[in-house]
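File shown: model33.cif. Contents: mmCIF, C-alpha atoms; chains and numbers go by the auth columns.
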```cif
data_entry
loop_
_atom_site.group_PDB
_atom_site.id
_atom_site.type_symbol
_atom_site.label_atom_id
_atom_site.label_comp_id
_atom_site.label_asym_id
_atom_site.label_seq_id
_atom_site.Cartn_x
_atom_site.Cartn_y
_atom_site.Cartn_z
_atom_site.B_iso_or_equiv
_atom_site.auth_seq_id
_atom_site.auth_asym_id
ATOM 1 C CA MET A 1 -10.265 -4.685 41.840 0.00 629 A
ATOM 2 C CA SER A 2 -11.922 -5.235 38.508 0.00 630 A
ATOM 3 C CA SER A 3 -11.964 -8.596 36.791 0.00 631 A
ATOM 4 C CA GLU A 4 -10.780 -7.087 33.504 0.00 632 A
ATOM 5 C CA GLU A 5 -7.139 -7.481 32.614 0.00 633 A
ATOM 6 C CA PRO A 6 -5.243 -4.331 31.710 0.00 634 A
ATOM 7 C CA THR A 7 -4.746 -4.012 27.984 0.00 635 A
ATOM 8 C CA ALA A 8 -1.623 -2.741 26.331 0.00 636 A
ATOM 9 C CA PRO A 9 -2.000 0.605 24.591 0.00 637 A
ATOM 10 C CA ARG A 10 -2.499 0.387 20.846 0.00 638 A
ATOM 11 C CA ARG A 11 0.539 1.225 18.790 0.00 639 A
ATOM 12 C CA ARG A 12 0.341 3.042 15.500 0.00 640 A
ATOM 13 C CA THR A 13 1.338 0.976 12.520 0.00 641 A
ATOM 14 C CA PHE A 14 2.543 2.018 9.097 0.00 642 A
ATOM 15 C CA ASP A 15 -0.344 2.049 6.693 0.00 643 A
ATOM 16 C CA SER A 16 0.116 2.658 2.981 0.00 644 A
ATOM 17 C CA ALA A 17 -0.035 6.467 3.247 0.00 645 A
ATOM 18 C CA TYR A 18 2.641 6.605 5.955 0.00 646 A
ATOM 19 C CA ALA A 19 4.823 4.095 4.117 0.00 647 A
ATOM 20 C CA PHE A 20 4.568 6.065 0.885 0.00 648 A
ATOM 21 C CA SER A 21 5.440 9.361 2.587 0.00 649 A
ATOM 22 C CA PHE A 22 8.299 7.801 4.557 0.00 650 A
ATOM 23 C CA ALA A 23 9.771 6.160 1.450 0.00 651 A
ATOM 24 C CA ILE A 24 9.640 9.402 -0.534 0.00 652 A
ATOM 25 C CA ALA A 25 11.200 11.367 2.352 0.00 653 A
ATOM 26 C CA VAL A 26 14.068 8.897 2.798 0.00 654 A
ATOM 27 C CA GLY A 27 14.699 8.814 -0.941 0.00 655 A
ATOM 28 C CA LEU A 28 14.675 12.600 -1.175 0.00 656 A
ATOM 29 C CA ILE A 29 17.099 12.981 1.748 0.00 657 A
ATOM 30 C CA LEU A 30 19.500 10.422 0.268 0.00 658 A
ATOM 31 C CA PHE A 31 19.292 11.977 -3.192 0.00 659 A
ATOM 32 C CA ILE A 32 19.931 15.514 -1.914 0.00 660 A
ATOM 33 C CA ALA A 33 22.798 14.299 0.300 0.00 661 A
ATOM 34 C CA GLY A 34 24.368 12.508 -2.662 0.00 662 A
ATOM 35 C CA LEU A 35 23.930 15.550 -4.862 0.00 663 A
ATOM 36 C CA VAL A 36 25.504 17.891 -2.301 0.00 664 A
ATOM 37 C CA ILE A 37 28.427 15.539 -1.651 0.00 665 A
ATOM 38 C CA SER A 38 29.014 14.986 -5.364 0.00 666 A
ATOM 39 C CA LEU A 39 28.945 18.688 -6.205 0.00 667 A
ATOM 40 C CA THR A 40 30.970 19.971 -3.256 0.00 668 A
ATOM 41 C CA LEU A 41 33.555 17.229 -2.735 0.00 669 A
ATOM 42 C CA GLY A 42 33.503 15.653 -6.175 0.00 670 A
ATOM 43 C CA SER A 43 35.032 18.523 -8.122 0.00 671 A
ATOM 44 C CA GLY A 44 38.537 18.214 -6.668 0.00 672 A
ATOM 45 C CA THR A 45 38.791 14.624 -5.449 0.00 673 A
ATOM 46 C CA SER A 46 37.251 11.286 -6.203 0.00 674 A
ATOM 47 C CA VAL A 47 36.094 10.877 -2.575 0.00 675 A
ATOM 48 C CA GLY A 48 33.000 12.977 -3.279 0.00 676 A
ATOM 49 C CA LEU A 49 32.091 10.818 -6.261 0.00 677 A
ATOM 50 C CA ILE A 50 32.741 7.577 -4.369 0.00 678 A
ATOM 51 C CA PHE A 51 30.236 8.575 -1.668 0.00 679 A
ATOM 52 C CA GLY A 52 27.956 10.864 -3.681 0.00 680 A
ATOM 53 C CA ILE A 53 27.034 8.610 -6.615 0.00 681 A
ATOM 54 C CA PRO A 54 25.933 5.651 -4.429 0.00 682 A
ATOM 55 C CA LEU A 55 23.805 8.023 -2.339 0.00 683 A
ATOM 56 C CA LEU A 56 22.202 9.378 -5.524 0.00 684 A
ATOM 57 C CA LEU A 57 21.426 5.868 -6.700 0.00 685 A
ATOM 58 C CA ALA A 58 20.140 4.839 -3.266 0.00 686 A
ATOM 59 C CA GLY A 59 17.861 7.893 -3.257 0.00 687 A
ATOM 60 C CA LEU A 60 16.335 6.730 -6.550 0.00 688 A
ATOM 61 C CA ILE A 61 16.133 2.991 -5.882 0.00 689 A
ATOM 62 C CA LEU A 62 15.255 2.816 -2.161 0.00 690 A
ATOM 63 C CA PRO A 63 11.742 4.374 -2.412 0.00 691 A
ATOM 64 C CA VAL A 64 10.761 1.930 -5.148 0.00 692 A
ATOM 65 C CA PHE A 65 12.093 -0.961 -3.059 0.00 693 A
ATOM 66 C CA MET A 66 10.256 0.257 0.069 0.00 694 A
ATOM 67 C CA MET A 67 6.948 0.657 -1.798 0.00 695 A
ATOM 68 C CA ARG A 68 7.046 -2.672 -3.647 0.00 696 A
ATOM 69 C CA ASP A 69 4.022 -3.960 -1.696 0.00 697 A
ATOM 70 C CA LEU A 70 1.911 -1.035 -2.946 0.00 698 A
ATOM 71 C CA PHE A 71 2.515 -1.971 -6.577 0.00 699 A
ATOM 72 C CA LYS A 72 1.247 -5.551 -6.469 0.00 700 A
ATOM 73 C CA GLN A 73 -2.349 -6.635 -6.836 0.00 701 A
ATOM 74 C CA ASN A 74 -3.797 -9.850 -5.515 0.00 702 A
ATOM 75 C CA GLU A 75 -6.481 -11.883 -7.183 0.00 703 A
ATOM 76 C CA VAL A 76 -9.632 -12.575 -5.202 0.00 704 A
ATOM 77 C CA SER A 77 -11.635 -15.594 -6.254 0.00 705 A
ATOM 78 C CA GLY A 78 -14.460 -17.439 -4.639 0.00 706 A
ATOM 79 C CA PRO A 79 -18.116 -18.296 -4.897 0.00 707 A
ATOM 80 C CA CYS A 80 -20.791 -15.624 -5.036 0.00 708 A
ATOM 81 C CA PRO A 81 -22.367 -15.362 -1.557 0.00 709 A
ATOM 82 C CA TYR A 82 -25.843 -15.337 -3.157 0.00 710 A
ATOM 83 C CA CYS A 83 -25.756 -17.958 -5.940 0.00 711 A
ATOM 84 C CA SER A 84 -22.363 -19.746 -5.475 0.00 712 A
ATOM 85 C CA ASN A 85 -21.273 -18.848 -9.016 0.00 713 A
ATOM 86 C CA PRO A 86 -17.444 -18.617 -9.188 0.00 714 A
ATOM 87 C CA ILE A 87 -16.188 -15.001 -9.341 0.00 715 A
ATOM 88 C CA ARG A 88 -12.636 -13.745 -9.987 0.00 716 A
ATOM 89 C CA THR A 89 -11.558 -10.136 -9.449 0.00 717 A
ATOM 90 C CA SER A 90 -8.649 -8.121 -8.043 0.00 718 A
ATOM 91 C CA ASP A 91 -8.289 -6.795 -4.511 0.00 719 A
ATOM 92 C CA ALA A 92 -8.576 -3.244 -5.911 0.00 720 A
ATOM 93 C CA THR A 93 -12.275 -3.855 -6.567 0.00 721 A
ATOM 94 C CA LEU A 94 -14.574 -2.526 -3.838 0.00 722 A
ATOM 95 C CA SER A 95 -17.820 -3.979 -5.138 0.00 723 A
ATOM 96 C CA LEU A 96 -18.993 -5.763 -8.249 0.00 724 A
ATOM 97 C CA MET A 97 -22.142 -7.211 -9.734 0.00 725 A
ATOM 98 C CA CYS A 98 -22.336 -10.981 -10.003 0.00 726 A
ATOM 99 C CA PRO A 99 -22.657 -11.869 -13.694 0.00 727 A
ATOM 100 C CA ASN A 100 -25.005 -14.755 -12.857 0.00 728 A
ATOM 101 C CA CYS A 101 -27.503 -13.426 -10.275 0.00 729 A
ATOM 102 C CA LYS A 102 -26.882 -9.637 -10.744 0.00 730 A
ATOM 103 C CA ASN A 103 -26.541 -9.030 -6.976 0.00 731 A
ATOM 104 C CA VAL A 104 -23.893 -6.622 -5.685 0.00 732 A
ATOM 105 C CA VAL A 105 -20.964 -8.370 -3.990 0.00 733 A
ATOM 106 C CA MET A 106 -18.432 -6.542 -1.771 0.00 734 A
ATOM 107 C CA VAL A 107 -14.715 -7.377 -1.563 0.00 735 A
ATOM 108 C CA ARG A 108 -13.437 -7.170 2.034 0.00 736 A
ATOM 109 C CA ASP A 109 -10.233 -8.627 3.470 0.00 737 A
ATOM 110 C CA MET A 110 -9.592 -10.665 0.308 0.00 738 A
ATOM 111 C CA LYS A 111 -13.054 -12.320 0.564 0.00 739 A
ATOM 112 C CA LEU A 112 -16.313 -11.926 -1.338 0.00 740 A
ATOM 113 C CA CYS A 113 -19.099 -10.791 0.998 0.00 741 A
ATOM 114 C CA PRO A 114 -22.776 -9.970 0.521 0.00 742 A
ATOM 115 C CA LEU A 115 -23.701 -6.294 0.396 0.00 743 A
ATOM 116 C CA ASP A 116 -24.459 -4.758 3.804 0.00 744 A
ATOM 117 C CA ASN A 117 -27.657 -2.778 4.201 0.00 745 A
ATOM 118 C CA SER A 118 -25.698 0.143 5.707 0.00 746 A
ATOM 119 C CA THR A 119 -23.602 0.530 2.525 0.00 747 A
ATOM 120 C CA ALA A 120 -26.296 -0.290 -0.001 0.00 748 A
ATOM 121 C CA GLY A 121 -26.803 3.326 -1.076 0.00 749 A
ATOM 122 C CA ASN A 122 -23.079 3.929 -1.613 0.00 750 A
ATOM 123 C CA ALA A 123 -22.324 0.760 -3.587 0.00 751 A
ATOM 124 C CA THR A 124 -25.232 0.941 -6.012 0.00 752 A
ATOM 125 C CA GLY A 125 -24.764 4.636 -6.757 0.00 753 A
ATOM 126 C CA ALA A 126 -28.099 5.732 -5.263 0.00 754 A
#
```
Hey, can you dump this file as C-alpha cells for me?
Amino acid sequence: MSSEEPTAPRRRTFDSAYAFSFAIAVGLILFIAGLVISLTLGSGTSVGLIFGIPLLLAGLILPVFMMRDLFKQNEVSGPCPYCSNPIRTSDATLSLMCPNCKNVVMVRDMKLCPLDNSTAGNATGA
C-alpha cells in the first residue's frame, strides 16, 4: 500500500462565464414561459395573466440578481512591493506602473505583487 491518502476528485465550480450563461438561460426560459402563458391563457381568463406576468418579470429580474457579483468592483490598496509607496487601484487592473519608482506591479488575488520574469514581456507590451 502507498503512504499517500486518496484524494477526492475535483469538482467543477461555477466561474463567471458559467454563471453568466446560466443566469441568461434561466432568465430566457422564464421570460419565454411567461410570454407563452400570457398570450395563450391570458386572452380569455385572468389565470394566464396571474401566472404569466410574474414569470415575465422574473425572467427580467432574476438574471440581474444572479449576476450581481459580476457588476461590483473591489478596491485594492497596499504598498508597492518595490518602494513601499501606497498604491490604490481596482481589482480589474492586471498590472500598473508605480507612480513613485516606475516599476510594473501586478494585481493578483486582491494583492499587489512584483512583476514575474515569465510575464515581463506581456505586461510591458514588448
All file atoms of region 706-720 of chain A boxed axis-aligned, 3 Å per side, centre plus edges, as AutoDock Vina command-line options:
```
--center_x -17.1 --center_y -11.5 --center_z -5.8 --size_x 23.6 --size_y 22.5 --size_z 14.4
```
**Asked** On this structure, which residues satisfy the PyMOL selection byres ((chain A and resi 680-684) around 9), written as a PyMOL selection string?
**Response** chain A and resi 655+658-667+669-670+675-679+685-689
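If you look at CA of Lys739 (chain A) and CA of Pro709 (chain A), they are 10.0 Å away from each other.
Using all atoms listed in the file, the smallest distance between any of A:Gly672, A:Met694, A:Ala651, A:Met734 and Gly706 (chain A) comes from A:Met734.
The space between CA of Gln701 (chain A) and CA of Arg716 (chain A) spans 12.9 Å.
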TODO: Go ahead and find all residues with at least one atom no further than 9 Å from (-27.1, -12.8, -1.8) in the file's coordinates, using all atoms listed in the file; report them as a ChimeraX atom specification.
DONE: /A:708-711,729,731-733,741-743
Option closest in space to Ile652 (chain A), from A:Pro691, A:Ile715, A:Cys726, A:Ser671 [counting all atoms listed in the file]: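 Of A:Pro691, A:Ile715, A:Cys726, A:Ser671, the one nearest Ile652 (chain A) is A:Pro691, counting all atoms listed in the file.
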Here's a test: counting only C-alpha atoms, identify every protein, DNA and RNA residue with an atom at most 6 Å from (-15.5, -6.2, -0.9) in the file's coordinate frame, and state them as a list in words. Leu722, Ser723, Met734, Val735, Arg736 and Leu740 of chain A
| query | How far is it from CA of Asn728 (chain A) to CA of Asn713 (chain A), in Å with one decimal? | reply |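 Calculated distance between CA of Asn728 (chain A) and CA of Asn713 (chain A) is 6.7 Å.
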